[in-house]
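Chemist: Input start_26.txt, format and content: compact mmCIF, C-alpha atoms.
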# COMPACT_ATOMS: atom_id res chain seq x y z
CA MET J 1 106.08 31.32 85.11
CA MET J 2 106.99 33.38 82.06
CA GLN J 3 106.68 36.86 83.53
CA GLY J 4 108.99 35.95 86.42
CA SER J 5 107.91 35.60 90.04
CA GLY J 6 110.29 35.78 93.00
CA THR J 7 113.41 35.87 90.81
CA ASP J 8 116.18 38.29 89.89
CA GLN J 9 115.87 37.42 86.20
CA SER J 10 112.98 36.00 84.24
CA LEU J 11 113.27 33.03 81.93
CA THR J 12 113.15 35.36 78.92
CA GLU J 13 116.04 37.47 80.24
CA TYR J 14 118.23 34.37 80.55
CA LEU J 15 117.05 33.20 77.13
CA SER J 16 118.03 36.55 75.62
CA GLU J 17 121.54 36.14 77.05
CA TYR J 18 121.96 32.57 75.78
CA LEU J 19 120.70 33.37 72.29
CA ASP J 20 122.15 36.90 72.10
CA ARG J 21 118.80 38.06 70.70
CA GLU J 22 116.03 40.37 71.81
CA ILE J 23 113.32 38.44 73.63
CA LYS J 24 110.08 40.24 74.43
CA ASN J 25 108.35 39.10 77.60
CA PHE J 26 104.56 39.32 77.31
CA GLY J 27 103.98 37.00 80.25
CA VAL J 28 101.26 37.99 82.73
CA GLY J 29 100.78 36.23 86.04
CA GLY J 30 97.41 35.05 87.27
CA ILE J 31 95.47 34.94 83.99
CA THR J 32 93.84 32.08 82.12
CA SER J 33 94.76 30.76 78.68
CA GLU J 34 91.73 32.60 77.27
CA ALA J 35 93.07 35.90 78.59
CA VAL J 36 96.52 35.08 77.22
CA ALA J 37 94.94 34.38 73.82
CA ILE J 38 93.11 37.73 73.91
CA LEU J 39 96.30 39.67 74.62
CA GLN J 40 98.17 37.66 71.96
CA GLY J 41 95.47 38.20 69.34
CA GLY J 42 94.13 34.67 68.97
CA ARG J 43 90.86 35.51 70.72
CA PRO J 44 88.97 38.79 70.15
CA PHE J 45 88.63 41.37 72.91
CA ASP J 46 84.98 42.23 72.41
CA VAL J 47 83.78 45.56 73.80
CA ARG J 48 80.71 47.78 73.57
CA VAL J 49 81.21 51.52 73.05
CA GLU J 50 78.97 53.79 75.10
CA ASN J 51 76.30 55.37 72.83
CA TYR J 52 77.88 53.37 69.98
CA GLN J 53 80.06 56.31 69.03
CA ILE J 54 83.74 57.16 69.26
CA PRO J 55 83.89 60.94 69.74
CA ALA J 56 85.94 63.32 67.61
CA LYS J 57 88.29 63.80 70.56
CA GLY J 58 88.54 62.76 74.17
CA LYS J 59 87.54 59.42 75.59
CA ALA J 60 84.94 56.80 74.88
CA ILE J 61 83.65 54.53 77.66
CA LEU J 62 83.82 50.82 76.88
CA THR J 63 82.10 47.83 78.43
CA ASN J 64 83.97 44.55 78.26
CA LEU J 65 81.69 41.84 76.84
CA GLY J 66 83.81 38.88 77.95
CA ILE J 67 86.54 38.10 80.45
CA ASP J 68 89.10 40.68 81.54
CA PRO J 69 92.48 40.02 79.92
CA ILE J 70 94.18 42.76 81.96
CA ASN J 71 94.87 42.46 85.68
CA LYS J 72 96.93 44.12 88.40
CA GLN J 73 100.09 42.31 87.25
CA THR J 74 100.21 44.00 83.86
CA PRO J 75 100.04 47.65 82.70
CA SER J 76 96.52 49.08 82.81
CA GLN J 77 97.09 51.02 79.57
CA ARG J 78 97.53 49.37 76.18
CA LYS J 79 97.83 50.81 72.69
CA GLY J 80 95.69 49.51 69.88
CA GLU J 81 92.75 50.32 67.64
CA ILE J 82 88.98 50.05 67.40
CA ASP J 83 87.34 49.99 63.99
CA GLY J 84 90.43 51.52 62.35
CA ILE J 85 90.88 54.27 64.92
CA ASP J 86 94.20 54.21 66.79
CA GLY J 87 94.25 55.01 70.47
CA THR J 88 94.97 53.94 74.02
CA LEU J 89 92.89 51.57 76.11
CA LYS J 90 92.86 52.22 79.86
CA ARG J 91 91.44 49.87 82.48
CA ILE J 92 89.61 51.66 85.29
CA TYR J 93 89.46 49.40 88.34
CA VAL J 94 88.96 49.29 92.09
CA ASN J 95 92.44 49.61 93.57
CA GLU J 96 92.03 46.99 96.26
CA PRO J 97 91.62 43.20 96.12
CA PRO J 98 90.27 41.69 93.94
CA TYR J 99 90.97 44.79 91.77
CA LYS J 100 87.69 44.47 89.91
CA THR J 101 87.35 46.29 86.58
CA ILE J 102 84.79 49.12 86.60
CA TYR J 103 85.02 49.95 82.88
CA TYR J 104 87.51 50.74 80.14
CA GLU J 105 88.34 54.05 78.49
CA PHE J 106 89.49 54.48 74.90
CA VAL J 107 91.26 57.70 73.95
CA ARG J 108 91.88 58.15 70.26
CA GLU J 109 95.42 59.05 69.21
CA LYS J 110 94.38 61.82 66.81
CA ASN J 111 91.29 63.98 66.74
CA GLY J 112 88.95 63.28 63.86
CA SER J 113 85.34 62.94 62.90
CA PRO J 114 82.97 61.15 65.30
CA LYS J 115 82.45 57.54 64.27
CA THR J 116 79.38 55.42 64.86
CA VAL J 117 80.26 51.79 65.54
CA LYS J 118 78.45 48.48 65.77
CA ASP J 119 76.91 46.99 68.88
CA THR J 120 80.01 44.81 69.36
CA CYS J 121 83.51 46.05 68.52
CA VAL J 122 86.93 44.46 68.83
CA PHE J 123 89.85 46.23 70.44
CA GLN J 124 93.00 45.09 68.59
CA PHE J 125 96.06 45.17 70.82
CA GLU J 126 99.03 46.80 69.09
CA ASP J 127 101.49 44.31 70.63
CA ALA J 128 99.48 41.41 69.22
CA PHE J 129 99.42 42.81 65.69
CA GLU J 130 103.07 43.87 65.65
CA ASN J 131 104.38 40.50 66.84
CA ARG J 132 102.26 38.00 64.95
CA ALA J 133 105.10 37.31 62.50
CA ASN J 134 107.66 36.56 65.22
CA PRO J 135 108.70 33.22 66.76
CA VAL J 136 106.76 32.65 69.98
CA ILE J 137 106.91 30.60 73.16
CA ILE J 138 103.47 29.82 74.59
CA TRP J 139 103.32 28.81 78.24
CA THR J 140 99.80 28.85 79.61
CA GLY J 141 97.18 26.64 81.22
CA ARG J 142 98.36 26.61 84.81
CA ASN J 143 95.58 29.04 85.80
CA ASP J 144 92.85 27.15 83.93
CA SER J 145 90.43 24.55 85.22
CA TRP J 146 91.70 21.02 84.54
CA LYS J 147 88.47 19.20 85.35
CA GLY J 148 87.34 16.73 82.72
CA GLU J 149 86.44 18.37 79.43
CA GLU J 150 87.80 21.73 80.62
CA ILE J 151 91.28 20.83 79.33
CA TYR J 152 89.94 21.12 75.77
CA LYS J 153 89.33 24.82 76.37
CA THR J 154 93.02 25.27 77.13
CA ARG J 155 93.91 23.35 73.98
CA ASP J 156 91.53 25.46 71.88
CA ASN J 157 92.83 28.74 73.30
CA ILE J 158 96.40 27.74 72.43
CA GLN J 159 95.26 26.67 68.96
CA SER J 160 93.71 30.11 68.44
CA MET J 161 97.11 31.65 69.21
CA LEU J 162 98.80 29.45 66.62
CA ASN J 163 96.09 30.32 64.09
CA TYR J 164 96.69 34.03 64.63
CA LEU J 165 100.41 33.85 63.85
CA SER J 166 101.37 35.06 60.40
CA PRO J 167 105.12 34.66 59.72
CA LYS J 168 106.41 36.24 56.51
CA ASP J 169 107.78 32.94 55.19
CA GLY J 170 104.62 31.05 56.17
CA LYS J 171 106.55 28.79 58.57
CA LYS J 172 105.34 29.13 62.14
CA LYS J 173 108.09 29.02 64.73
CA VAL J 174 106.35 28.01 67.95
CA LEU J 175 107.12 26.24 71.21
CA VAL J 176 104.15 25.16 73.32
CA LEU J 177 105.38 24.35 76.82
CA SER J 178 103.87 21.76 79.13
CA VAL J 179 102.10 22.82 82.31
CA CYS J 180 104.10 22.25 85.51
CA ASN J 181 102.76 20.61 88.62
CA GLY J 182 103.63 22.15 91.98
CA ALA J 183 105.28 20.83 95.11
CA SER J 184 104.69 17.27 96.28
CA LYS J 185 102.56 18.42 99.22
CA HIS J 186 99.59 18.91 96.91
CA GLU J 187 100.55 17.78 93.40
CA ALA J 188 102.71 14.67 93.74
CA ARG J 189 102.42 11.72 91.40
CA GLY J 190 99.04 10.03 91.89
CA SER J 191 97.23 13.06 93.33
CA GLU J 192 94.08 14.35 91.66
CA SER J 193 95.75 17.58 90.51
CA TYR J 194 98.76 15.67 89.18
CA ASN J 195 96.55 13.35 87.14
CA GLU J 196 94.61 16.31 85.71
CA ILE J 197 97.80 18.14 84.72
CA MET J 198 99.21 15.00 83.10
CA ALA J 199 95.97 14.59 81.12
CA LEU J 200 96.22 18.20 79.94
CA ASN J 201 99.86 17.77 78.93
CA GLN J 202 99.07 14.58 77.04
CA LEU J 203 96.35 16.45 75.16
CA LEU J 204 98.76 19.28 74.33
CA LYS J 205 101.35 16.77 73.11
CA GLU J 206 98.83 15.03 70.87
CA SER J 207 97.42 18.32 69.58
CA PHE J 208 100.60 20.27 68.89
CA GLY J 209 103.10 17.57 67.97
CA LYS J 210 106.52 19.01 67.12
CA TYR J 211 105.62 22.33 68.72
CA TYR J 212 105.09 20.70 72.11
CA ILE J 213 108.01 20.84 74.54
CA ASP J 214 107.81 18.94 77.83
CA ILE J 215 109.58 21.53 79.97
CA ARG J 216 108.01 20.00 83.09
CA SER J 217 109.72 16.64 82.69
CA TYR J 218 113.02 18.32 81.87
CA LEU J 219 112.91 20.42 85.03
CA VAL J 220 112.05 17.38 87.14
CA ASN J 221 114.58 14.93 85.74
CA ASN J 222 117.48 16.74 84.05
CA ALA J 223 117.78 20.38 85.06
CA MET J 224 119.68 19.86 88.32
CA ASN J 225 122.31 17.76 86.58
CA ASP J 226 122.66 20.22 83.68
CA LEU J 227 123.29 23.04 86.15
CA GLY J 228 125.81 20.95 88.09
CA LEU J 229 123.72 21.14 91.27
CA GLU J 230 123.87 18.44 93.93
CA PRO J 231 120.31 17.53 94.94
CA THR J 232 119.37 17.83 98.59
CA ASP J 233 117.33 15.21 100.40
CA GLU J 234 114.27 17.40 99.84
CA ASP J 235 115.08 17.67 96.13
CA LEU J 236 115.31 13.88 95.86
CA LYS J 237 111.98 13.51 97.63
CA GLU J 238 110.36 15.93 95.17
CA ILE J 239 111.93 14.24 92.15
CA ASP J 240 110.72 10.85 93.40
CA ALA J 241 107.21 12.36 93.53
CA ASP J 242 107.66 13.58 89.91
CA CYS J 243 107.74 17.23 91.01
CA ILE J 244 110.21 20.00 90.19
CA PRO J 245 112.90 19.92 92.93
CA LYS J 246 112.80 22.60 95.63
CA SER J 247 116.23 23.93 94.59
CA LEU J 248 114.66 25.11 91.30
CA ARG J 249 111.55 26.73 92.80
CA SER J 250 110.90 30.04 94.57
CA ASP J 251 107.65 28.73 96.09
CA ALA J 252 105.35 25.75 95.64
CA VAL J 253 104.93 26.42 91.90
CA HIS J 254 107.11 29.19 90.45
CA LEU J 255 110.73 28.84 89.39
CA ASN J 256 113.65 30.59 91.07
CA ASP J 257 116.73 31.87 89.23
CA ASN J 258 118.20 28.38 88.91
CA GLY J 259 114.93 27.11 87.51
CA ASN J 260 114.67 29.96 85.02
CA LYS J 261 118.31 29.52 84.02
CA ALA J 262 117.88 25.78 83.42
CA ALA J 263 114.63 26.23 81.47
CA ALA J 264 116.21 28.98 79.34
CA LYS J 265 119.26 26.85 78.52
CA TYR J 266 117.04 23.97 77.50
CA LEU J 267 114.83 26.14 75.30
CA ALA J 268 117.81 27.98 73.78
CA LYS J 269 119.24 24.65 72.62
CA ILE J 270 115.93 23.69 71.00
CA ILE J 271 115.55 27.09 69.35
CA GLU J 272 119.07 26.91 67.90
CA GLU J 273 118.57 23.33 66.69
CA ARG J 274 115.36 24.36 64.90
CA SER J 275 116.86 27.59 63.53
CA TYR J 276 114.00 29.58 65.06
Since I need it in another form, could you write the structure as structure tokens?
Modeler:
Amino acid sequence: MMQGSGTDQSLTEYLSEYLDREIKNFGVGGITSEAVAILQGGRPFDVRVENYQIPAKGKAILTNLGIDPINKQTPSQRKGEIDGIDGTLKRIYVNEPPYKTIYYEFVREKNGSPKTVKDTCVFQFEDAFENRANPVIIWTGRNDSWKGEEIYKTRDNIQSMLNYLSPKDGKKKVLVLSVCNGASKHEARGSESYNEIMALNQLLKESFGKYYIDIRSYLVNNAMNDLGLEPTDEDLKEIDADCIPKSLRSDAVHLNDNGNKAAAKYLAKIIEERSY
């Protein structure tokens, strides 16, 4: 939804135009809120270094001790540091579905003395560290499980992202967006998936208060009118089912250019009103 799927421009590209500001898009398709939190810095990326030593030069082999935050939809190489040593992390994977990770490599940026490390190390992503003072839009949870108590894991992962932020003035500038339900065929009002998503969104609203933005409801009820689009019969059917109208979607779930444009306009107005 954030990265952009089946569109000419992503939401962040439209947002950059409306605000006339640089917007960095760190969206990655197909990953859970835990993986998002790892890439953002809120959750640690725990690894084990082969032989517990980073060599003086060349690469160290790493074993991931948790979930994989990197997939086929995002670059396999990331800059960062382990135990104070700067370098590049590279994901080595099977290049066919499901693109399973084999291991990770870490190549230090500068040669130096060999360093013995602990049994568990944390790879700190450079992007996470460099952007923790910036305003942020968090849109995650669609790829999580929504069954029962599972929604609290999504809430906790988002909370870890908020905790990681460290703005210079101490005032966090955050928008936490609601999770969108898909087309009426599977996620119409009253369906099991719909009820689970609504329960998750209610939890996010209660947990994050002023930071929470119900982008889902806006896209369902107001976006078509704000764009000056006349709804089709299919759009009206979707809206009646409390789903995002087909004219704003590229498939059953993801937004098309009109959807991204409408969402960006809505968020730009909120960002300007809040002086983010």
Chemist: Report the closest atom pair, with its distance in Å rounded to one decimal, for each residue of segment 88-135 of chain J that has an atom no farther than 9 Å from segment 166-178 of chain J; count all atoms listed in the file, sort by chain and then rising residue number, and write it as a Markdown table.
Modeler:
| residue | atom | partner | partner_atom | distance |
| --- | --- | --- | --- | --- |
| J:Asn131 | CA | J:Ser166 | CA | 9.0 |
| J:Arg132 | CA | J:Ser166 | CA | 5.5 |
| J:Ala133 | CA | J:Pro167 | CA | 3.8 |
| J:Asn134 | CA | J:Pro167 | CA | 6.3 |
| J:Pro135 | CA | J:Lys173 | CA | 4.7 |
Chemist: Keeping only C-alpha atoms, write the selected residues to a file as a compact mmCIF listing (two decimals), in the frame of the given file.
Modeler:
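Below is the file out14.txt, written as the result:
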# COMPACT_ATOMS: atom_id res chain seq x y z
CA ASN J 131 104.38 40.50 66.84
CA ARG J 132 102.26 38.00 64.95
CA ALA J 133 105.10 37.31 62.50
CA ASN J 134 107.66 36.56 65.22
CA PRO J 135 108.70 33.22 66.76
Chemist: Using all atoms listed in the file, determine which residues lie at most 10 Å from Gln202 of chain J, disregarding the query and same-chain residues fewer than 5 positions distant; provide the list as an mmCIF file with C-alpha atoms, in the frame of the given file.
Modeler:
data_model
loop_
_atom_site.group_PDB
_atom_site.id
_atom_site.type_symbol
_atom_site.label_atom_id
_atom_site.label_comp_id
_atom_site.auth_asym_id
_atom_site.auth_seq_id
_atom_site.Cartn_x
_atom_site.Cartn_y
_atom_site.Cartn_z
ATOM 1 C CA SER J 178 103.870 21.760 79.130
ATOM 2 C CA GLU J 196 94.610 16.310 85.710
ATOM 3 C CA ILE J 197 97.800 18.140 84.720
ATOM 4 C CA SER J 207 97.420 18.320 69.580
ATOM 5 C CA TYR J 212 105.090 20.700 72.110
ATOM 6 C CA ASP J 214 107.810 18.940 77.830
#
Chemist: State, in Å with one decimal place, the distance from atom CA of Arg108 of chain J to atom CA of Lys59 of chain J.
Modeler: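 Computed distance, atom CA of Arg108 of chain J to atom CA of Lys59 of chain J, equals 7.0 Å.
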Chemist: Within 9 Å of segment 233-237 of chain J, counting all atoms listed in the file, which residues qualify if same-chain residues fewer than 4 places away don't, as number ranges by chain?
Modeler: J: 184, 241-248
Chemist: Restrict the selected residues to C-alpha atoms and save them as a PDB file, in the frame of the given file.
Modeler:
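Writing the result to again.pdb gives the following:
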ATOM      1  CA  SER J 184     104.690  17.270  96.280  1.00  0.00           C
ATOM      2  CA  ALA J 241     107.210  12.360  93.530  1.00  0.00           C
ATOM      3  CA  ASP J 242     107.660  13.580  89.910  1.00  0.00           C
ATOM      4  CA  CYS J 243     107.740  17.230  91.010  1.00  0.00           C
ATOM      5  CA  ILE J 244     110.210  20.000  90.190  1.00  0.00           C
ATOM      6  CA  PRO J 245     112.900  19.920  92.930  1.00  0.00           C
ATOM      7  CA  LYS J 246     112.800  22.600  95.630  1.00  0.00           C
ATOM      8  CA  SER J 247     116.230  23.930  94.590  1.00  0.00           C
ATOM      9  CA  LEU J 248     114.660  25.110  91.300  1.00  0.00           C
TER      10      LEU J 248
END
Chemist: Rank J:Asp119, J:Asp68, J:Asp251, J:Asp83 by their smallest atom-to-atom distance to Ala37 of chain J, using only C-alpha atoms, and report the top residue only.
Modeler: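 Ranked by minimum distance to Ala37 of chain J, first place goes to J:Asp68.
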Chemist: I'd like the neighbourhood of Tyr18 of chain J as a PyMOL selection string, where a residue qualifies if any of its atoms comes within 12 Å (using all atoms listed in the file), though same-chain residues fewer than 5 positions away should be ignored.
Modeler: chain J and resi 11-13+23+261-272
Chemist: Would you mind listing what lies within 10 Å of Asn64 of chain J as a list in words, with only C-alpha atoms counted and same-chain residues fewer than 4 positions away left out?
Modeler: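 Surrounding residues, per the criterion: Phe45, Asp46, Val47, Arg48, Val49, Asp68, Pro69, Thr101, Ile102, Tyr103, Tyr104, Thr120, Cys121, Val122 and Phe123 of chain J.
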